[in-house]
Amino acid sequence: MRTALVLLLLLAVAAVPGSVLPQRSLAPEQVEAYRRDKPALAEWFDRFGLFDAYASPWFAAIYLLLFTSLIGCVLPRLGEHARALRRKPPAAPRNFRRLPAHAEVGDAPAEARPVGERLQQLMRSRRYRVVAYSEDGGHVTVAAEKGHLKETGNLLFHAALLAVLAGVAFGYGWGWSGNRILVAGPDTGFCTGLQQFDEYALGPRLGAEDLPGYCLQLERFDADFLDTGQPTTFQADVTWTAPRAARTGRQRLEVNTPLRLDGANVYLLGHGYAPILRYTDRQGRAQTSVSAFLPVDGMLTSEGAALFPDANADGTSGARSTDAQVAFSGVYVPTVPTSGPLALSAHPAERAPGLLLTAYRGDLGLDNGVPQSVYQIPRRAVDDGRLIQLPEANTLLRPGERWILDDGTSVEFLGTRRWISITVRHDPGEPVVLAAVIGIMTGLVPMLGVRRRRIWFRVLPTSSGCTITAGGLPRVDYPGFAAEFAAAVAAARGAVGAVASVRATGGPPAGTASVADGVRS
């Protein structure tokens with residue numbers, strides 16, 4: 001049990017990085033922003049898997065050890081508890097005065113057996129497990145025990161913890177998730193294939209063919225903000241299609257209102273702006289780029305890049321010119337401030353939008369097979385000198401404005417589209433975890449509120465009837481046991497008096513027709 005507690009504490013500590021640092025499974029754009037801001041620290045975090053904390057080997061090792069420890073803790077205790085439930089309450093100790101609670105109930109002009117039977121009825125009415133023992137000399141001992149529900153709740157709590165771990169493991173093995181930035185527009189939809197996700201995590205028991213074939217398209221996104229910039233509502237109208245089932249539909253996504261489909265749920269995570277740039281090359285050909293820019297602050301100041309790898313291609317063969325490709329890095333400002341730095345938005349809504357651009361020309365290095373981020377300029381090509389930054393930097397464009405470059409080509413800022421970041425997830429372990437959490441809460445109530453305790457009554461025959469003594473023992477620290485014991489002794493005195501009255505009159509007097517009446521008296 002101590003080992004399980006230590007591992008449980010260690011699991012809580014291991015969950016801290018997943019709460020403090022952005023996680024790739026939930027917010028890939030925040031991870032990318034963290035890598036840009038603190039590249040050295042992010043590299044070390046990546047080595048230790050802190051951006052995927054809950055899927056890391058060290059986190060799995062902790063909860064697997066906890067799983068093993070809990071099994072070793074629960075199974076022996078479960079067997080012992082089952083045997084304890086079948087056992088009778090133990091016989092009374094010889095000397096009640098050695099117990100923490102003891103009292104003289106009184107004398108009764110009646111035989112020991114009927115008095116013992118009435119005491120049994122009394123304690124059963126108070127929800128005790130009761131058994132009577134006959135001892136030498138005609139003595140009768142009534143043993144009453146209560147509080148086994150505490151151990152039942154304890155075992156239910158720990159068994160539910162095991163079920164939580166089993167549900168997590170089941171969800172990890174047969175679950176999957178994928179993240180995607182979805183730009184509004186009819187030409188920017190996507191389907192749930194692994195190649196179309198920006199980030200994905202597939203359970204080891206699944207293959208790419210096991211994913212449901214859903215297609216999603218963002219029709220419209222609306223966000224409302226206070227004057228301080230604090231958001232109030234996010235609403236995304238999404239159209240979905242299930243080609244395999246020939247079904248389609250439309251739903252409004254909100255932060256706490258996911259799209260629930262068969263085999264997958266779609267959750268809204270974030271939003272931003274995608275500037276639309278139109279570049280006209282030396283041959284007069286126009287190319288349009290719609291690139292999502294990632295927010296870097298709460299006012300949706302966003303950074304990103306627009307790449308034109310086919311710019312200035314040979315006019316006859318169409319072959320790419322690897323020394324005249326064009327790219328732009330930029331900062332999009334939804335509301336350009338009237339004073340201060342232009343690269344910091346004054347409000348997250350598009351009240352006075354502006355786009356700060358820096359142009360690059362040369363070889364983008366997209367044909368070398370090395371994966372590159374679509375949200376930034378290929379830094380390796382810049383460092384190698386294959387991609388040259390043009391002298392004029394940080395040119396501010398308003399929607400509809402054009403920037404003429406040094407070679408006569410131009411770029412025009414046409415406006416923006418809204419984008420949302422979504423996660424498509426399927427976790428088959430969720431029902432197991434939900435049931436287990438309910439079991440944990442159910443087990444906590446008796447585990448924390450019930451106490452094990454025992455009360456004995458000894459009925460000793462005398463020449464004029466019998467005398468009754470009582471003793472009590474709480475199995476654990478229980479501040480309220482003294483009051484409970486005193487109430488049981490007072491009820492026993494009433495029950496003994498009822499037996500004496502029946503003995504004297506031959507019938508129950510008024511007010512003693514039932515055990516409950518005896519308890520009230």
# chains A, B, ... in the order shown; residues from 1 in each chain; ligands from 1
>>> residues_around(residues="Ala381 (chain A)", least_positions_apart="3", cutoff="10 Å", atoms="only C-alpha atoms", output="compact mmCIF listing (two decimals) with N, CA and C atoms, in the first residue's frame")
# COMPACT_ATOMS: atom_id res chain seq x y z
N GLY A 362 15.45 32.87 -53.71
CA GLY A 362 16.53 31.89 -53.84
C GLY A 362 15.95 30.49 -53.90
N ASP A 363 16.68 29.54 -53.31
CA ASP A 363 16.29 28.13 -53.32
C ASP A 363 15.65 27.83 -51.97
N LEU A 364 14.37 27.45 -51.99
CA LEU A 364 13.67 27.14 -50.74
C LEU A 364 14.09 25.80 -50.15
N GLY A 365 14.74 24.96 -50.93
CA GLY A 365 15.19 23.66 -50.41
C GLY A 365 14.07 22.69 -50.16
N LEU A 366 12.97 22.81 -50.92
CA LEU A 366 11.84 21.91 -50.70
C LEU A 366 12.01 20.57 -51.40
N ILE A 377 9.73 30.33 -42.53
CA ILE A 377 10.69 30.28 -43.63
C ILE A 377 11.69 29.14 -43.38
N PRO A 378 12.08 28.41 -44.42
CA PRO A 378 13.09 27.35 -44.24
C PRO A 378 14.40 27.94 -43.71
N ASP A 384 22.26 28.52 -44.95
CA ASP A 384 23.21 28.06 -45.96
C ASP A 384 23.46 29.10 -47.05
N GLY A 385 22.71 30.19 -47.05
CA GLY A 385 22.88 31.21 -48.07
C GLY A 385 22.16 30.93 -49.35
N ARG A 386 21.36 29.86 -49.41
CA ARG A 386 20.62 29.54 -50.62
C ARG A 386 19.36 30.40 -50.75
N LEU A 387 18.90 30.94 -49.64
CA LEU A 387 17.72 31.79 -49.62
C LEU A 387 18.13 33.13 -49.03
N ILE A 388 18.03 34.20 -49.84
CA ILE A 388 18.54 35.51 -49.48
C ILE A 388 17.39 36.44 -49.13
>>> residues_around(residues="region 276-278 of chain A", least_positions_apart="3", cutoff="8 Å", atoms="only C-alpha atoms", output="list in words")
Ala286, Gln287, Thr288, Ser289, Val290, Ser291, Ala306, Val411, Glu412, Phe413, Leu414, Gly415, Thr416 and Arg417 of chain A
>>> select_by_dssp(residues="region 112-337 of chain A", states="alpha helix (DSSP H)", output="ChimeraX atom specification")
/A:112-125,148-174
>>> closest_atom_pairs(of="region 404-493 of chain A", to="region 169-193 of chain A", cutoff="8 Å", atoms="only C-alpha atoms", output="CSV")
residue,atom,partner,partner_atom,distance
A:Arg417,CA,A:Ala184,CA,6.1
A:Arg418,CA,A:Ala184,CA,5.7
A:Trp419,CA,A:Val183,CA,4.1
A:Ile420,CA,A:Leu182,CA,5.4
A:Ser421,CA,A:Ile181,CA,4.3
A:Ile422,CA,A:Arg180,CA,5.6
A:Thr423,CA,A:Asn179,CA,4.4
A:Val424,CA,A:Gly178,CA,5.2
A:Arg425,CA,A:Ser177,CA,4.2
A:His426,CA,A:Gly175,CA,5.3
A:Asp427,CA,A:Gly175,CA,4.7
A:Pro428,CA,A:Gly171,CA,5.2
A:Gly429,CA,A:Gly171,CA,4.2
A:Glu430,CA,A:Gly171,CA,7.2
>>> residues_around(residues="Leu226 (chain A)", least_positions_apart="2", cutoff="12 Å", atoms="only C-alpha atoms", output="short mmCIF file (atom, residue, chain, number, x, y, z; two decimals) with N, CA and C atoms, in the first residue's frame")
data_model
loop_
_atom_site.label_atom_id
_atom_site.label_comp_id
_atom_site.auth_asym_id
_atom_site.auth_seq_id
_atom_site.Cartn_x
_atom_site.Cartn_y
_atom_site.Cartn_z
N ALA A 223 -16.18 35.12 -33.87
CA ALA A 223 -15.67 35.30 -32.51
C ALA A 223 -16.03 36.70 -32.03
N ASP A 224 -16.44 36.79 -30.80
CA ASP A 224 -16.78 38.08 -30.19
C ASP A 224 -15.80 38.37 -29.06
N THR A 228 -11.59 44.98 -23.98
CA THR A 228 -10.28 44.64 -23.40
C THR A 228 -9.56 43.56 -24.19
N GLY A 229 -10.26 42.96 -25.16
CA GLY A 229 -9.67 41.87 -25.92
C GLY A 229 -10.03 40.50 -25.41
N GLN A 230 -10.73 40.43 -24.27
CA GLN A 230 -11.11 39.12 -23.71
C GLN A 230 -12.19 38.49 -24.59
N PRO A 231 -12.00 37.24 -24.99
CA PRO A 231 -13.00 36.59 -25.85
C PRO A 231 -14.25 36.23 -25.06
N THR A 232 -15.39 36.27 -25.73
CA THR A 232 -16.66 35.89 -25.10
C THR A 232 -17.27 34.65 -25.75
N THR A 233 -17.27 34.58 -27.07
CA THR A 233 -17.83 33.41 -27.75
C THR A 233 -16.98 33.05 -28.96
N MET A 299 -3.81 38.95 -28.16
CA MET A 299 -4.45 39.86 -29.11
C MET A 299 -4.38 39.34 -30.54
N HIS A 347 -5.94 44.81 -30.57
CA HIS A 347 -7.19 44.13 -30.30
C HIS A 347 -7.25 42.88 -31.18
N PRO A 348 -7.86 41.79 -30.70
CA PRO A 348 -7.87 40.57 -31.51
C PRO A 348 -8.83 40.61 -32.70
N ALA A 349 -9.79 41.52 -32.71
CA ALA A 349 -10.68 41.64 -33.86
C ALA A 349 -10.02 42.47 -34.96
#
>>> residues_around(residues="Phe481 (chain A)", least_positions_apart="5", cutoff="12 Å", atoms="only C-alpha atoms", output="PDB file with N, CA and C atoms, in the first residue's frame")
ATOM      1  N   PRO A 100     -12.104   0.677  25.854  1.00  0.00           N
ATOM      2  CA  PRO A 100     -12.191   2.149  25.947  1.00  0.00           C
ATOM      3  C   PRO A 100     -13.587   2.643  26.326  1.00  0.00           C
ATOM      4  N   ALA A 101     -14.625   1.827  26.104  1.00  0.00           N
ATOM      5  CA  ALA A 101     -15.985   2.207  26.488  1.00  0.00           C
ATOM      6  C   ALA A 101     -16.619   1.029  27.216  1.00  0.00           C
ATOM      7  N   HIS A 102     -17.158   1.272  28.405  1.00  0.00           N
ATOM      8  CA  HIS A 102     -17.843   0.221  29.167  1.00  0.00           C
ATOM      9  C   HIS A 102     -18.872   0.888  30.078  1.00  0.00           C
ATOM     10  N   LYS A 146     -20.253  -3.430  13.407  1.00  0.00           N
ATOM     11  CA  LYS A 146     -20.722  -2.520  12.365  1.00  0.00           C
ATOM     12  C   LYS A 146     -19.527  -1.844  11.710  1.00  0.00           C
ATOM     13  N   GLY A 147     -19.650  -1.531  10.419  1.00  0.00           N
ATOM     14  CA  GLY A 147     -18.603  -0.759   9.760  1.00  0.00           C
ATOM     15  C   GLY A 147     -17.844  -1.484   8.679  1.00  0.00           C
ATOM     16  N   VAL A 450     -17.477   5.984   7.175  1.00  0.00           N
ATOM     17  CA  VAL A 450     -17.859   4.843   8.007  1.00  0.00           C
ATOM     18  C   VAL A 450     -16.675   4.428   8.879  1.00  0.00           C
ATOM     19  N   ARG A 451     -16.987   3.986  10.114  1.00  0.00           N
ATOM     20  CA  ARG A 451     -15.956   3.529  11.048  1.00  0.00           C
ATOM     21  C   ARG A 451     -16.313   2.125  11.553  1.00  0.00           C
ATOM     22  N   ARG A 452     -15.313   1.279  11.665  1.00  0.00           N
ATOM     23  CA  ARG A 452     -15.523  -0.039  12.249  1.00  0.00           C
ATOM     24  C   ARG A 452     -15.646   0.089  13.760  1.00  0.00           C
ATOM     25  N   ARG A 453     -16.680  -0.576  14.356  1.00  0.00           N
ATOM     26  CA  ARG A 453     -16.815  -0.576  15.806  1.00  0.00           C
ATOM     27  C   ARG A 453     -17.577  -1.829  16.234  1.00  0.00           C
ATOM     28  N   ARG A 454     -17.383  -2.189  17.521  1.00  0.00           N
ATOM     29  CA  ARG A 454     -18.015  -3.375  18.097  1.00  0.00           C
ATOM     30  C   ARG A 454     -18.585  -3.026  19.465  1.00  0.00           C
ATOM     31  N   ILE A 455     -19.737  -3.604  19.750  1.00  0.00           N
ATOM     32  CA  ILE A 455     -20.381  -3.430  21.056  1.00  0.00           C
ATOM     33  C   ILE A 455     -20.824  -4.811  21.541  1.00  0.00           C
ATOM     34  N   GLY A 471     -19.766  -3.263  26.776  1.00  0.00           N
ATOM     35  CA  GLY A 471     -18.440  -2.784  26.429  1.00  0.00           C
ATOM     36  C   GLY A 471     -18.373  -2.458  24.947  1.00  0.00           C
ATOM     37  N   GLY A 472     -17.542  -1.506  24.610  1.00  0.00           N
ATOM     38  CA  GLY A 472     -17.435  -1.099  23.207  1.00  0.00           C
ATOM     39  C   GLY A 472     -16.002  -0.870  22.796  1.00  0.00           C
ATOM     40  N   LEU A 473     -15.732  -1.130  21.505  1.00  0.00           N
ATOM     41  CA  LEU A 473     -14.369  -0.986  20.986  1.00  0.00           C
ATOM     42  C   LEU A 473     -14.429  -0.466  19.559  1.00  0.00           C
ATOM     43  N   PRO A 474     -13.940   0.768  19.294  1.00  0.00           N
ATOM     44  CA  PRO A 474     -13.809   1.229  17.904  1.00  0.00           C
ATOM     45  C   PRO A 474     -12.536   0.652  17.291  1.00  0.00           C
ATOM     46  N   ARG A 475     -12.648   0.128  16.071  1.00  0.00           N
ATOM     47  CA  ARG A 475     -11.482  -0.476  15.424  1.00  0.00           C
ATOM     48  C   ARG A 475     -10.502   0.573  14.926  1.00  0.00           C
ATOM     49  N   VAL A 476     -10.989   1.788  14.665  1.00  0.00           N
ATOM     50  CA  VAL A 476     -10.129   2.900  14.249  1.00  0.00           C
ATOM     51  C   VAL A 476     -10.509   4.117  15.073  1.00  0.00           C
ATOM     52  N   ALA A 486     -23.012   5.433  24.240  1.00  0.00           N
ATOM     53  CA  ALA A 486     -23.949   5.869  25.285  1.00  0.00           C
ATOM     54  C   ALA A 486     -25.392   5.733  24.811  1.00  0.00           C
ATOM     55  N   ALA A 487     -25.656   6.053  23.523  1.00  0.00           N
ATOM     56  CA  ALA A 487     -27.012   5.916  22.999  1.00  0.00           C
ATOM     57  C   ALA A 487     -27.430   4.448  22.955  1.00  0.00           C
ATOM     58  N   ALA A 488     -26.508   3.549  22.598  1.00  0.00           N
ATOM     59  CA  ALA A 488     -26.828   2.124  22.573  1.00  0.00           C
ATOM     60  C   ALA A 488     -27.114   1.598  23.970  1.00  0.00           C
TER      61      ALA A 488
END
>>> closest_residue(among="A:Leu26, A:Val6, A:Leu165, A:Leu99", to="Ala60 (chain A)", atoms="only C-alpha atoms")
A:Leu165
>>> closest_residue(among="A:Ala435, A:Tyr375, A:Gly497, A:Leu78", to="Thr467 (chain A)", atoms="only C-alpha atoms")
A:Gly497
>>> residues_around(residues="Lys150 (chain A)", least_positions_apart="4", cutoff="10 Å", atoms="only C-alpha atoms", output="compact mmCIF listing (two decimals) with N, CA, C and O atoms, in the first residue's frame")
# COMPACT_ATOMS: atom_id res chain seq x y z
N LYS A 146 -20.25 -3.43 13.41
CA LYS A 146 -20.72 -2.52 12.37
C LYS A 146 -19.53 -1.84 11.71
O LYS A 146 -18.51 -1.60 12.37
N ASN A 154 -13.40 1.07 0.54
CA ASN A 154 -11.96 1.16 0.30
C ASN A 154 -11.56 0.29 -0.89
O ASN A 154 -10.82 0.72 -1.79
N LEU A 155 -12.08 -0.95 -0.90
CA LEU A 155 -11.75 -1.85 -2.00
C LEU A 155 -12.37 -1.37 -3.32
O LEU A 155 -11.76 -1.49 -4.38
N LEU A 156 -13.61 -0.83 -3.24
CA LEU A 156 -14.22 -0.29 -4.45
C LEU A 156 -13.40 0.87 -4.99
O LEU A 156 -13.21 1.00 -6.22
N GLY A 443 -17.05 4.86 -3.78
CA GLY A 443 -16.25 4.22 -2.73
C GLY A 443 -15.71 5.19 -1.71
O GLY A 443 -15.46 4.82 -0.55
N LEU A 444 -15.51 6.45 -2.11
CA LEU A 444 -14.97 7.43 -1.17
C LEU A 444 -15.93 7.71 -0.02
O LEU A 444 -15.50 7.96 1.11
N VAL A 445 -17.25 7.68 -0.29
CA VAL A 445 -18.23 8.04 0.75
C VAL A 445 -18.14 7.12 1.95
O VAL A 445 -17.92 7.57 3.08
N PRO A 446 -18.29 5.79 1.80
CA PRO A 446 -18.14 4.94 2.98
C PRO A 446 -16.70 4.85 3.49
O PRO A 446 -16.48 4.67 4.70
N MET A 447 -15.73 4.98 2.59
CA MET A 447 -14.35 4.88 3.03
C MET A 447 -13.98 6.00 4.00
O MET A 447 -13.26 5.79 4.97
N LEU A 448 -14.52 7.19 3.77
CA LEU A 448 -14.21 8.33 4.63
C LEU A 448 -15.24 8.53 5.74
O LEU A 448 -14.92 9.15 6.76
N GLY A 449 -16.46 8.05 5.55
CA GLY A 449 -17.51 8.35 6.52
C GLY A 449 -17.88 7.23 7.46
O GLY A 449 -18.56 7.48 8.46
N VAL A 450 -17.48 5.98 7.18
CA VAL A 450 -17.86 4.84 8.01
C VAL A 450 -16.68 4.43 8.88
O VAL A 450 -15.53 4.50 8.45
N ARG A 451 -16.99 3.99 10.11
CA ARG A 451 -15.96 3.53 11.05
C ARG A 451 -16.31 2.12 11.55
O ARG A 451 -17.48 1.84 11.82
N ARG A 452 -15.31 1.28 11.67
CA ARG A 452 -15.52 -0.04 12.25
C ARG A 452 -15.65 0.09 13.76
O ARG A 452 -14.84 0.75 14.41
>>> select_by_dssp(residues="region 383-464 of chain A", states="strand (DSSP E or B)", output="ChimeraX atom specification")
/A:387-389,395-397,402-404,410-426,453-462
>>> closest_residue(among="A:Pro337, A:Asp323, A:Asp222, A:Ser410", to="Arg285 (chain A)", atoms="only C-alpha atoms")
A:Ser410
